[in-house]
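A.B. asks: Please find one structure pasted underneath; my questions will follow.
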Amino acid sequence: MATTTMSDFRVDPVSGLKVNRTANTLVKWNAFAAVVFLLVGGLFGLLVALTRMPSVQLLPPELFYMALTAHGLVNLAVWIIFFEMAVLYFLGAHVLGNRLATPRFAWAQFWLMLVGAAMVAVAVLAPVWGGTGSSVMMTSYPPLEAQPHFYLGLILFAVGALIGCFVFLGTLVVAKREKTYQGSLPLVVFGGVTACVIAVFTIVSGALILIPTFVWSLHVIPGFTIDPMMYRVVWWAFGHSSQQINVAAHISIWYLIASLVFGAKPMSEKVSRFAFLLYILFLQLGSVHHLLADPGLTSVWKIFNTSYMIYLAVLASMIHGLTVPGSIEVAQRKKGLDTGLFTWLRKAPWGNPIFSGMFLSLVGFGFIGGITGVVMSVEQINMIIHNTIFVPGHFHGTLVAGTTMAFMAVTYWLIPVVFQRKIALAGVAKLQPYIFSLGAWVFSIALMGAGTLGVQRRHADITFAGQPLAYEYPEIAKGLMDLGEIFAVIMAVGAIMFIVVVLASIFTGERIAEDSAPWPKVEDADVVAERTGKKHIGAWGMEAPGTFVLAMVLFVTIVLYYFINFKYLSTIWGLS
Amino acid sequence: MGTSYTPPTNPDWWREPIERTEIIWIVLAFAWCVFMFGWMISWHWIGNQNMRNEAYQTTPEKFSKHLSDQAAKYVVRKDAATGEDVIAPPPGSDVYLAGMQWQWRPILELQKGKTYRLHMSSLDVGHGFSLQPENINFQVYPGYEQVLNLTPNKSGTFSIACGEYCGGVNAIGHHTMLGRIYVKE
């Protein structure tokens, strides 16, 4: 067994955490790679947005489909999974005051993912230098065929991520054995374990389908083909579940930030952990959301899966959606902001991007991504939404307004801790979450409106120019596309602000010396309450009545939105 | 005492009572979950818009045969826009519609209020049936034939766009792929 000495560690003056230097280096490189890929993918996203704006139509179709394939892969997979590797290592090592198990394997994770991503990039971007591309979209449904190195790159990337998951699990074993913590795992690490378990399921599913597809693309076995339906069923266990990793990861980050900024503790360890457990058990069933309009699968199978077995994963999200802001409210009330319903929220540090980013992520994920996700995944309602631009509208609500915003928010805290630099351009950082969220929210909502009017996703041109059977979308649909894509540009501005702040901070930010005085720590709300003798908080016998009111607003919104969609569904052609 | 990033201070955390805000919310949320589950099932009886769950394995050759048989029997006129045959199968009959790079064929004429057995498949790669402006969407795959009972409840001219990217490498007609259904009173 490896021996560790104190010089392998430093005590971080910002967070007070005992930081292992090797683990820290790996967190740094993964986080840095993530941000670079966010920039790359975001630029492709901007090109996509400017093409889908009916009044601009920037790219010709060939380049549009290439840019869309690149945007999907880089932002959905590469940015997010690199960042998640950083998060897992941080949770397993930094949070537990622990070393990283097998740093060599962790480096293998990093390089495999990087080489894999580069290989996919070469396959996809080949048309730029006149080669044969792989514009098959992120989903790459056979019989559409990409270059063999497209699939191979994805496989290498996935294997790298799988290694990272096992390094994280090994790191937890080390922590337990070397007793770097007492009792149960902290809640955020428990959330990390949830993300990791989902990730293992996801990546194994990806390997199961991408390896045979790679073999098929080589054309070395005569007569070997990939059944298009089988591909979709298995691929979505990878494609959808990969987004469930994000959910578990960014919810852990919400809990983390609530504690960092407010000294909050979970309202109930039992409830929050149970909700994470529901994710492990049921969240992956949601892969069927993509298969609801497919032939050959029965309604019994679809309903069981699409509802995550009686919506138990939705229940889990609704629980986290209450307990995270609830824990903030309880902490604020214990610290004296115990008047009215929303004083705790009004007096929150809205100028601190760590908090504002986290709270915008929470609201955006719940109201935009969450509500629409539950409604569109109803077996029958899916028929009036499936593959329209409503779908990208929805998942930019979850992935951009939710996950990406949360990752950005925690980055503002990670830079001083991990990169040992103060945040540069603090004024830009302060505004960034608002600009980025404004862009993402309006973009998502406008696209969902256009999708309701039938605008398709993955279309280079919705005017059907020059076609004898051309269909004319209503003017309002085109207007919504223009509006949405204008806000996509605002979202891109927000993303660029983030990247500029990150790069400026890690390269030019003021260094934080290892032996500098500890930064003032936010006091635990419980400690404050004990000192001031505050015992009873809240109203109506509830400790978090304001949060309850907010949760009821969400509840009423989802009920209304659910029945509005059924009303609309009931007016279309009869289908039986 | 206690944060989300330190171990729970109470080692018996699973025995701590749950606060009232959370209890009420969990009960409400779970009730809604059960309702949505039941409603989705019951729509198969109370609703008029459901998937049929009827599908067969087929081949592009077999499906093409259905298309040509259908064309031989039910041509009613030439389409004004394209000059192609318009196919008008009788109500209650089997109607075959194929997606191919890059069109939906044949052009169909149906009657409002009458029910048809619509068979959909693809002759090459995956496509998405997307009827506009009704906004009804299905996946269509080569090798699989999906069957639905279709009852138009409005008359007029309807377009079928393609909802699944079907361009492939260096082949980019997906966004030009169209078909048409005329529904007469």
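Ordering of the structure tokens sets the chain letters (A, B, ...), residue numbers begin anew at 1 in every chain, and ligands are numbered from 1 in the order given.
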Got a sec: who's within 9 Å of Val14 of chain A, counting only C-alpha atoms, leaving out chain neighbours fewer than 2 positions off, as a PyMOL selection string?

C.D. replies: chain A and resi 11-12+16-17+416-417+420+512+517-521

A.B. asks: How close does each residue of chain B get to chain A, giving the shortest atom pair and distance in Å to one decimal for every residue with an atom at most 6 Å away, counting only C-alpha atoms, sorted by chain and residue number, as a tab-separated table?

C.D. replies:
```
residue	atom	partner	partner_atom	distance
B:Met1	CA	A:Asp526	CA	5.3
B:Gly2	CA	A:Lys265	CA	5.6
B:Thr3	CA	A:Lys265	CA	4.2
B:Ser4	CA	A:Leu187	CA	5.1
B:Tyr5	CA	A:Pro186	CA	5.0
B:Thr6	CA	A:Pro186	CA	4.7
B:Pro7	CA	A:Pro186	CA	4.1
B:Trp14	CA	A:Lys270	CA	5.3
B:Arg20	CA	A:Met542	CA	5.7
B:Thr21	CA	A:Met542	CA	5.3
B:Cys33	CA	A:Tyr311	CA	5.3
B:Val34	CA	A:Ile310	CA	5.9
B:Phe37	CA	A:Ile310	CA	5.5
B:Asn48	CA	A:Gly574	CA	5.4
B:Gln49	CA	A:Leu575	CA	4.5
B:Asn50	CA	A:Ser576	CA	5.0
B:Met51	CA	A:Ser576	CA	5.9
B:Arg52	CA	A:Ser576	CA	5.3
B:Asn53	CA	A:Thr298	CA	5.3
B:Ala55	CA	A:Gly296	CA	5.3
B:Ala81	CA	A:Pro468	CA	5.8
B:Val125	CA	A:Pro143	CA	5.4
B:Asn135	CA	A:Gly454	CA	5.1
B:Ile136	CA	A:Ile384	CA	5.0
B:Asn137	CA	A:Met383	CA	5.1
B:Phe138	CA	A:Ala293	CA	4.8
B:Gln139	CA	A:Asp294	CA	5.0
B:Gln146	CA	A:Pro295	CA	5.2
B:Asn149	CA	A:Ser576	CA	5.0
B:Leu150	CA	A:Leu575	CA	5.0
B:Thr151	CA	A:Gly574	CA	4.7
B:Pro152	CA	A:Trp573	CA	4.8
B:Asn153	CA	A:Trp573	CA	5.2
B:Gly163	CA	A:Asn387	CA	5.6
B:Gly168	CA	A:Leu144	CA	5.4
B:Val169	CA	A:Ser135	CA	5.4
B:His175	CA	A:His459	CA	5.1
B:Thr176	CA	A:Phe464	CA	5.6
```

A.B. asks: Where in chain B does DSSP assign helix (DSSP H, G or I), given as a PyMOL selection string?

C.D. replies: chain B and resi 13-15+20-46+60-74+174-176

A.B. asks: Find the residues near Ile160 of chain B: any atom within 7 Å, counting only C-alpha atoms, skip ones fewer than 3 places away on the same chain, and give them as a compact mmCIF listing (two decimals) with C-alpha atoms, in the first residue's frame.

C.D. replies:
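Saved as out03.txt:
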```txt
# COMPACT_ATOMS: atom_id res chain seq x y z
CA PHE B 129 -43.01 11.04 -40.22
CA SER B 130 -44.05 14.58 -39.27
CA LEU B 131 -47.52 15.63 -40.38
CA GLN B 132 -47.97 19.40 -40.55
CA LEU B 178 -41.63 16.21 -48.12
CA GLY B 179 -44.84 14.38 -48.83
CA ARG B 180 -48.48 15.34 -48.94
```

A.B. asks: Can you pull out every residue within 7 Å of segment 102-114 of chain B, counting only C-alpha atoms, but drop anything in the same chain fewer than 3 positions away, and send it as JSON, numbers by chain?

C.D. replies: {"B": [86, 87, 88, 91, 97, 98, 99, 151, 152, 153, 154, 155, 173, 174, 176, 177, 178, 179, 180, 181, 182, 183, 184, 185]}

A.B. asks: For N, CA and C atoms, I'd like the residues from the last selection saved as a PDB file, in the first residue's frame.

C.D. replies:
```
ATOM      1  N   VAL B  86     -51.868  10.754 -57.619  1.00  0.00           N
ATOM      2  CA  VAL B  86     -52.424  10.870 -56.270  1.00  0.00           C
ATOM      3  C   VAL B  86     -53.191   9.582 -55.993  1.00  0.00           C
ATOM      4  N   ILE B  87     -52.908   8.983 -54.853  1.00  0.00           N
ATOM      5  CA  ILE B  87     -53.494   7.690 -54.510  1.00  0.00           C
ATOM      6  C   ILE B  87     -54.617   7.909 -53.502  1.00  0.00           C
ATOM      7  N   ALA B  88     -55.791   7.361 -53.783  1.00  0.00           N
ATOM      8  CA  ALA B  88     -56.923   7.531 -52.855  1.00  0.00           C
ATOM      9  C   ALA B  88     -57.516   6.171 -52.487  1.00  0.00           C
ATOM     10  N   PRO B  91     -61.899   4.164 -47.716  1.00  0.00           N
ATOM     11  CA  PRO B  91     -61.895   4.167 -46.246  1.00  0.00           C
ATOM     12  C   PRO B  91     -61.856   2.752 -45.695  1.00  0.00           C
ATOM     13  N   LEU B  97     -47.335   3.975 -46.950  1.00  0.00           N
ATOM     14  CA  LEU B  97     -46.584   5.221 -47.123  1.00  0.00           C
ATOM     15  C   LEU B  97     -45.117   4.937 -46.816  1.00  0.00           C
ATOM     16  N   ALA B  98     -44.239   5.347 -47.721  1.00  0.00           N
ATOM     17  CA  ALA B  98     -42.822   5.056 -47.524  1.00  0.00           C
ATOM     18  C   ALA B  98     -42.010   6.331 -47.427  1.00  0.00           C
ATOM     19  N   GLY B  99     -41.020   6.305 -46.535  1.00  0.00           N
ATOM     20  CA  GLY B  99     -40.026   7.359 -46.490  1.00  0.00           C
ATOM     21  C   GLY B  99     -38.817   6.886 -47.271  1.00  0.00           C
ATOM     22  N   THR B 151     -57.468   8.631 -38.406  1.00  0.00           N
ATOM     23  CA  THR B 151     -58.778   9.214 -38.723  1.00  0.00           C
ATOM     24  C   THR B 151     -58.647  10.730 -38.837  1.00  0.00           C
ATOM     25  N   PRO B 152     -58.513  11.248 -40.076  1.00  0.00           N
ATOM     26  CA  PRO B 152     -58.407  12.712 -40.209  1.00  0.00           C
ATOM     27  C   PRO B 152     -59.688  13.370 -39.707  1.00  0.00           C
ATOM     28  N   ASN B 153     -59.550  14.389 -38.874  1.00  0.00           N
ATOM     29  CA  ASN B 153     -60.751  15.072 -38.371  1.00  0.00           C
ATOM     30  C   ASN B 153     -60.854  16.495 -38.907  1.00  0.00           C
ATOM     31  N   LYS B 154     -60.009  16.811 -39.891  1.00  0.00           N
ATOM     32  CA  LYS B 154     -60.079  18.123 -40.544  1.00  0.00           C
ATOM     33  C   LYS B 154     -59.825  17.891 -42.027  1.00  0.00           C
ATOM     34  N   SER B 155     -60.372  18.742 -42.875  1.00  0.00           N
ATOM     35  CA  SER B 155     -60.075  18.612 -44.302  1.00  0.00           C
ATOM     36  C   SER B 155     -59.048  19.663 -44.693  1.00  0.00           C
ATOM     37  N   GLY B 173     -30.063  16.032 -48.225  1.00  0.00           N
ATOM     38  CA  GLY B 173     -31.396  16.467 -48.647  1.00  0.00           C
ATOM     39  C   GLY B 173     -32.463  16.415 -47.574  1.00  0.00           C
ATOM     40  N   HIS B 174     -32.071  16.048 -46.340  1.00  0.00           N
ATOM     41  CA  HIS B 174     -33.046  15.827 -45.261  1.00  0.00           C
ATOM     42  C   HIS B 174     -34.089  16.939 -45.133  1.00  0.00           C
ATOM     43  N   THR B 176     -35.195  18.883 -47.245  1.00  0.00           N
ATOM     44  CA  THR B 176     -36.044  19.102 -48.422  1.00  0.00           C
ATOM     45  C   THR B 176     -37.072  17.979 -48.565  1.00  0.00           C
ATOM     46  N   MET B 177     -37.041  17.020 -47.652  1.00  0.00           N
ATOM     47  CA  MET B 177     -37.881  15.831 -47.780  1.00  0.00           C
ATOM     48  C   MET B 177     -39.328  16.141 -47.407  1.00  0.00           C
ATOM     49  N   LEU B 178     -40.231  15.870 -48.344  1.00  0.00           N
ATOM     50  CA  LEU B 178     -41.634  16.215 -48.125  1.00  0.00           C
ATOM     51  C   LEU B 178     -42.561  15.172 -48.728  1.00  0.00           C
ATOM     52  N   GLY B 179     -43.772  15.165 -48.242  1.00  0.00           N
ATOM     53  CA  GLY B 179     -44.842  14.376 -48.828  1.00  0.00           C
ATOM     54  C   GLY B 179     -46.131  15.152 -48.641  1.00  0.00           C
ATOM     55  N   ARG B 180     -47.237  14.582 -49.078  1.00  0.00           N
ATOM     56  CA  ARG B 180     -48.482  15.340 -48.943  1.00  0.00           C
ATOM     57  C   ARG B 180     -49.676  14.417 -48.752  1.00  0.00           C
ATOM     58  N   ILE B 181     -50.612  14.861 -47.925  1.00  0.00           N
ATOM     59  CA  ILE B 181     -51.892  14.166 -47.784  1.00  0.00           C
ATOM     60  C   ILE B 181     -52.999  15.191 -47.999  1.00  0.00           C
ATOM     61  N   TYR B 182     -53.868  14.910 -48.965  1.00  0.00           N
ATOM     62  CA  TYR B 182     -55.051  15.754 -49.147  1.00  0.00           C
ATOM     63  C   TYR B 182     -56.199  15.096 -48.395  1.00  0.00           C
ATOM     64  N   VAL B 183     -56.928  15.889 -47.615  1.00  0.00           N
ATOM     65  CA  VAL B 183     -58.103  15.335 -46.944  1.00  0.00           C
ATOM     66  C   VAL B 183     -59.326  16.074 -47.465  1.00  0.00           C
ATOM     67  N   LYS B 184     -60.259  15.313 -48.068  1.00  0.00           N
ATOM     68  CA  LYS B 184     -61.470  15.986 -48.586  1.00  0.00           C
ATOM     69  C   LYS B 184     -62.653  15.700 -47.675  1.00  0.00           C
ATOM     70  N   GLU B 185     -63.631  16.586 -47.751  1.00  0.00           N
ATOM     71  CA  GLU B 185     -64.821  16.487 -46.884  1.00  0.00           C
ATOM     72  C   GLU B 185     -65.555  15.170 -47.111  1.00  0.00           C
TER      73      GLU B 185
END
```

A.B. asks: Which residue out of A:Thr194, A:Asn305, A:Gln57, A:Thr372 has the minimum interatomic distance to Ser272 of chain A when only C-alpha atoms are used?

C.D. replies: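 Selected residue with least distance to Ser272 of chain A: A:Thr194.
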
A.B. asks: Calculated over only C-alpha atoms, which of the candidates A:His289, A:Lys302, A:Arg511, A:His250 has the smallest distance to Phe407 of chain A?

C.D. replies: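 For Phe407 of chain A, the nearest of the given residues is A:His250.
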
A.B. asks: Compile the contact shell of Phe44 of chain A as a list in words: residues with an atom at most 8 Å away, counting only C-alpha atoms, same-chain residues fewer than 4 positions apart removed.

C.D. replies: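 My reading of the contact set: Val40, Val48, Ala67, Leu68, Ala70 and His71 of chain A.
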
A.B. asks: Let me see the file: selected residues, C-alpha atoms, as an mmCIF file, in the first residue's frame.

C.D. replies:
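Saved result, again_3.cif, follows:
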```
data_model
loop_
_atom_site.group_PDB
_atom_site.id
_atom_site.type_symbol
_atom_site.label_atom_id
_atom_site.label_comp_id
_atom_site.auth_asym_id
_atom_site.auth_seq_id
_atom_site.Cartn_x
_atom_site.Cartn_y
_atom_site.Cartn_z
ATOM 1 C CA VAL A 40 -15.065 24.843 -29.028
ATOM 2 C CA VAL A 48 -25.879 26.414 -35.594
ATOM 3 C CA ALA A 67 -21.486 21.969 -37.179
ATOM 4 C CA LEU A 68 -24.578 20.456 -35.550
ATOM 5 C CA ALA A 70 -19.837 18.764 -33.665
ATOM 6 C CA HIS A 71 -21.884 20.990 -31.346
#
```

A.B. asks: At a cut-off of 12 Å, using only C-alpha atoms, what residues contact Lys65 of chain B? Leave out same-chain residues fewer than 5 positions from it and give the result as an mmCIF file with N, CA and C atoms, in the first residue's frame.

C.D. replies:
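Okay, result_0.cif is ready:
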```cif
data_model
loop_
_atom_site.group_PDB
_atom_site.id
_atom_site.type_symbol
_atom_site.label_atom_id
_atom_site.label_comp_id
_atom_site.auth_asym_id
_atom_site.auth_seq_id
_atom_site.Cartn_x
_atom_site.Cartn_y
_atom_site.Cartn_z
ATOM 1 N N THR B 58 -40.206 -6.219 -42.023
ATOM 2 C CA THR B 58 -40.417 -6.216 -43.467
ATOM 3 C C THR B 58 -39.067 -5.977 -44.137
ATOM 4 N N THR B 59 -39.087 -5.823 -45.450
ATOM 5 C CA THR B 59 -37.863 -5.447 -46.166
ATOM 6 C C THR B 59 -38.258 -4.353 -47.151
ATOM 7 N N PRO B 60 -37.302 -3.540 -47.586
ATOM 8 C CA PRO B 60 -37.626 -2.520 -48.589
ATOM 9 C C PRO B 60 -38.279 -3.139 -49.833
ATOM 10 N N GLN B 70 -50.636 -0.905 -54.543
ATOM 11 C CA GLN B 70 -51.551 0.160 -54.163
ATOM 12 C C GLN B 70 -51.702 1.172 -55.296
ATOM 13 N N ALA B 71 -50.575 1.513 -55.912
ATOM 14 C CA ALA B 71 -50.593 2.498 -56.998
ATOM 15 C C ALA B 71 -51.402 1.965 -58.179
ATOM 16 N N ALA B 72 -51.325 0.656 -58.422
ATOM 17 C CA ALA B 72 -52.055 0.080 -59.554
ATOM 18 C C ALA B 72 -53.559 0.157 -59.343
ATOM 19 N N TYR B 96 -50.386 2.433 -47.710
ATOM 20 C CA TYR B 96 -48.935 2.279 -47.542
ATOM 21 C C TYR B 96 -48.236 3.589 -47.852
ATOM 22 N N LEU B 97 -47.335 3.975 -46.950
ATOM 23 C CA LEU B 97 -46.584 5.221 -47.123
ATOM 24 C C LEU B 97 -45.117 4.937 -46.816
ATOM 25 N N ALA B 98 -44.239 5.347 -47.721
ATOM 26 C CA ALA B 98 -42.822 5.056 -47.524
ATOM 27 C C ALA B 98 -42.010 6.331 -47.427
ATOM 28 N N LEU B 123 -37.492 2.914 -47.088
ATOM 29 C CA LEU B 123 -36.824 2.114 -48.111
ATOM 30 C C LEU B 123 -35.304 2.228 -48.011
#
```

A.B. asks: Out of segment 20-151 of chain B, which residues get strand (DSSP E or B) from DSSP, as a PyMOL selection string?

C.D. replies: chain B and resi 49+54-57+75-78+85-87+94-100+103-105+107-111+116-122+127-132+136-140+142+144-151

A.B. asks: Write a file of the selected residues as a short mmCIF file (atom, residue, chain, number, x, y, z; two decimals), in the first residue's frame, keeping N, CA and C atoms.

C.D. replies:
```cif
data_model
loop_
_atom_site.label_atom_id
_atom_site.label_comp_id
_atom_site.auth_asym_id
_atom_site.auth_seq_id
_atom_site.Cartn_x
_atom_site.Cartn_y
_atom_site.Cartn_z
N GLN B 49 -56.11 9.45 -29.15
CA GLN B 49 -54.79 9.56 -29.76
C GLN B 49 -53.84 8.62 -29.03
N GLU B 54 -48.81 -1.97 -33.18
CA GLU B 54 -48.82 -3.02 -34.20
C GLU B 54 -47.66 -2.75 -35.14
N ALA B 55 -46.77 -3.70 -35.26
CA ALA B 55 -45.61 -3.51 -36.12
C ALA B 55 -45.16 -4.86 -36.66
N TYR B 56 -44.55 -4.84 -37.83
CA TYR B 56 -44.07 -6.07 -38.46
C TYR B 56 -42.67 -5.86 -38.97
N GLN B 57 -41.94 -6.97 -39.07
CA GLN B 57 -40.66 -6.87 -39.77
C GLN B 57 -40.95 -6.96 -41.26
N VAL B 75 -55.17 4.99 -58.13
CA VAL B 75 -54.83 6.31 -58.65
C VAL B 75 -56.11 7.05 -59.02
N VAL B 76 -56.23 8.30 -58.55
CA VAL B 76 -57.44 9.05 -58.88
C VAL B 76 -57.17 10.25 -59.81
N ARG B 77 -55.98 10.81 -59.72
CA ARG B 77 -55.70 12.00 -60.54
C ARG B 77 -54.22 12.29 -60.48
N LYS B 78 -53.81 13.31 -61.24
CA LYS B 78 -52.43 13.78 -61.17
C LYS B 78 -52.37 14.95 -60.19
N ASP B 85 -48.88 10.80 -59.55
CA ASP B 85 -50.16 10.17 -59.23
C ASP B 85 -50.57 10.50 -57.80
N VAL B 86 -51.87 10.75 -57.62
CA VAL B 86 -52.42 10.87 -56.27
C VAL B 86 -53.19 9.58 -55.99
N ILE B 87 -52.91 8.98 -54.85
CA ILE B 87 -53.49 7.69 -54.51
C ILE B 87 -54.62 7.91 -53.50
N ASP B 94 -56.07 -0.65 -46.23
CA ASP B 94 -54.68 -0.50 -45.86
C ASP B 94 -54.04 0.54 -46.77
N VAL B 95 -53.32 1.49 -46.16
CA VAL B 95 -52.66 2.56 -46.91
C VAL B 95 -51.17 2.46 -46.65
N TYR B 96 -50.39 2.43 -47.71
CA TYR B 96 -48.94 2.28 -47.54
C TYR B 96 -48.24 3.59 -47.85
N LEU B 97 -47.34 3.98 -46.95
CA LEU B 97 -46.58 5.22 -47.12
C LEU B 97 -45.12 4.94 -46.82
N ALA B 98 -44.24 5.35 -47.72
CA ALA B 98 -42.82 5.06 -47.52
C ALA B 98 -42.01 6.33 -47.43
N GLY B 99 -41.02 6.30 -46.53
CA GLY B 99 -40.03 7.36 -46.49
C GLY B 99 -38.82 6.89 -47.27
N MET B 100 -38.23 7.76 -48.06
CA MET B 100 -37.01 7.43 -48.79
C MET B 100 -36.24 8.71 -48.99
N GLN B 103 -37.98 11.87 -49.98
CA GLN B 103 -39.41 12.17 -50.15
C GLN B 103 -40.28 11.14 -49.42
N TRP B 104 -41.53 11.55 -49.15
CA TRP B 104 -42.54 10.63 -48.65
C TRP B 104 -43.47 10.33 -49.81
N ARG B 105 -43.63 9.06 -50.15
CA ARG B 105 -44.50 8.72 -51.28
C ARG B 105 -45.36 7.53 -50.94
N ILE B 107 -48.25 10.39 -52.81
CA ILE B 107 -49.13 11.48 -52.38
C ILE B 107 -50.51 10.86 -52.18
N LEU B 108 -51.11 11.13 -51.02
CA LEU B 108 -52.35 10.44 -50.66
C LEU B 108 -53.54 11.38 -50.64
N GLU B 109 -54.71 10.81 -50.87
CA GLU B 109 -55.94 11.57 -50.68
C GLU B 109 -56.87 10.75 -49.79
N LEU B 110 -57.27 11.31 -48.67
CA LEU B 110 -58.12 10.61 -47.70
C LEU B 110 -59.41 11.40 -47.50
N GLN B 111 -60.36 10.75 -46.83
CA GLN B 111 -61.62 11.44 -46.54
C GLN B 111 -61.73 11.76 -45.06
N TYR B 116 -58.40 4.84 -41.65
CA TYR B 116 -57.54 4.07 -42.56
C TYR B 116 -56.48 3.35 -41.75
N ARG B 117 -56.06 2.19 -42.27
CA ARG B 117 -54.93 1.50 -41.64
C ARG B 117 -53.66 1.95 -42.35
N LEU B 118 -52.93 2.84 -41.70
CA LEU B 118 -51.73 3.41 -42.32
C LEU B 118 -50.52 2.55 -41.98
N HIS B 119 -49.82 2.07 -43.04
CA HIS B 119 -48.57 1.31 -42.84
C HIS B 119 -47.42 2.22 -43.23
N MET B 120 -46.44 2.36 -42.34
CA MET B 120 -45.29 3.21 -42.65
C MET B 120 -44.01 2.41 -42.56
N SER B 121 -43.13 2.62 -43.53
CA SER B 121 -41.79 2.04 -43.43
C SER B 121 -40.83 2.90 -44.24
N SER B 122 -39.56 2.50 -44.20
CA SER B 122 -38.55 3.25 -44.94
C SER B 122 -37.89 2.34 -45.95
N HIS B 127 -36.21 7.57 -40.98
CA HIS B 127 -36.88 8.85 -41.27
C HIS B 127 -37.87 9.16 -40.15
N GLY B 128 -38.36 10.38 -40.13
CA GLY B 128 -39.38 10.75 -39.17
C GLY B 128 -40.61 11.26 -39.89
N PHE B 129 -41.74 10.58 -39.66
CA PHE B 129 -43.01 11.04 -40.22
C PHE B 129 -43.46 12.23 -39.39
N SER B 130 -43.62 13.40 -40.02
CA SER B 130 -44.05 14.58 -39.27
C SER B 130 -45.13 15.30 -40.06
N LEU B 131 -46.37 15.08 -39.65
CA LEU B 131 -47.52 15.63 -40.38
C LEU B 131 -47.78 17.06 -39.92
N GLN B 132 -47.76 17.99 -40.88
CA GLN B 132 -47.97 19.40 -40.55
C GLN B 132 -49.21 19.91 -41.26
N ILE B 136 -48.05 15.72 -35.93
CA ILE B 136 -48.06 14.34 -35.47
C ILE B 136 -46.75 13.70 -35.94
N ASN B 137 -46.03 13.08 -35.01
CA ASN B 137 -44.67 12.63 -35.33
C ASN B 137 -44.41 11.17 -34.95
N PHE B 138 -43.82 10.40 -35.92
CA PHE B 138 -43.45 9.01 -35.65
C PHE B 138 -42.08 8.71 -36.24
N GLN B 139 -41.43 7.72 -35.64
CA GLN B 139 -40.18 7.21 -36.22
C GLN B 139 -40.50 6.16 -37.27
N VAL B 140 -39.73 6.16 -38.33
CA VAL B 140 -39.92 5.18 -39.40
C VAL B 140 -38.56 4.58 -39.74
N PRO B 142 -36.15 1.38 -41.79
CA PRO B 142 -36.09 0.29 -42.76
C PRO B 142 -36.19 -1.03 -42.01
N TYR B 144 -38.78 -2.26 -40.60
CA TYR B 144 -39.91 -2.27 -39.67
C TYR B 144 -41.08 -1.57 -40.30
N GLU B 145 -42.25 -2.16 -40.11
CA GLU B 145 -43.47 -1.59 -40.68
C GLU B 145 -44.40 -1.27 -39.52
N GLN B 146 -44.66 0.00 -39.32
CA GLN B 146 -45.53 0.42 -38.22
C GLN B 146 -46.94 0.64 -38.75
N VAL B 147 -47.94 0.16 -38.01
CA VAL B 147 -49.32 0.29 -38.46
C VAL B 147 -50.12 1.13 -37.45
N LEU B 148 -50.89 2.07 -37.97
CA LEU B 148 -51.72 2.92 -37.11
C LEU B 148 -53.07 3.11 -37.75
N ASN B 149 -54.13 3.15 -36.95
CA ASN B 149 -55.43 3.55 -37.49
C ASN B 149 -55.49 5.07 -37.44
N LEU B 150 -55.68 5.65 -38.63
CA LEU B 150 -55.60 7.09 -38.76
C LEU B 150 -56.97 7.62 -39.14
N THR B 151 -57.47 8.63 -38.41
CA THR B 151 -58.78 9.21 -38.72
C THR B 151 -58.65 10.73 -38.84
#
```

A.B. asks: What's the separation between atom CA of Gly130 of chain A and atom CA of Pro212 of chain A, in Å to one decimal place?

C.D. replies: 28.0 Å

A.B. asks: So how far away is atom CA of Met119 of chain A from atom CA of Gly153 of chain A, in Å?

C.D. replies: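 Calculated distance between atom CA of Gly153 of chain A and atom CA of Met119 of chain A is 4.9 Å.
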
A.B. asks: What is the distance between atom CA of Ser55 of chain A and atom CA of Ala450 of chain A, in Å to one decimal?

C.D. replies: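 Atom CA of Ala450 of chain A lies 15.0 Å from atom CA of Ser55 of chain A.
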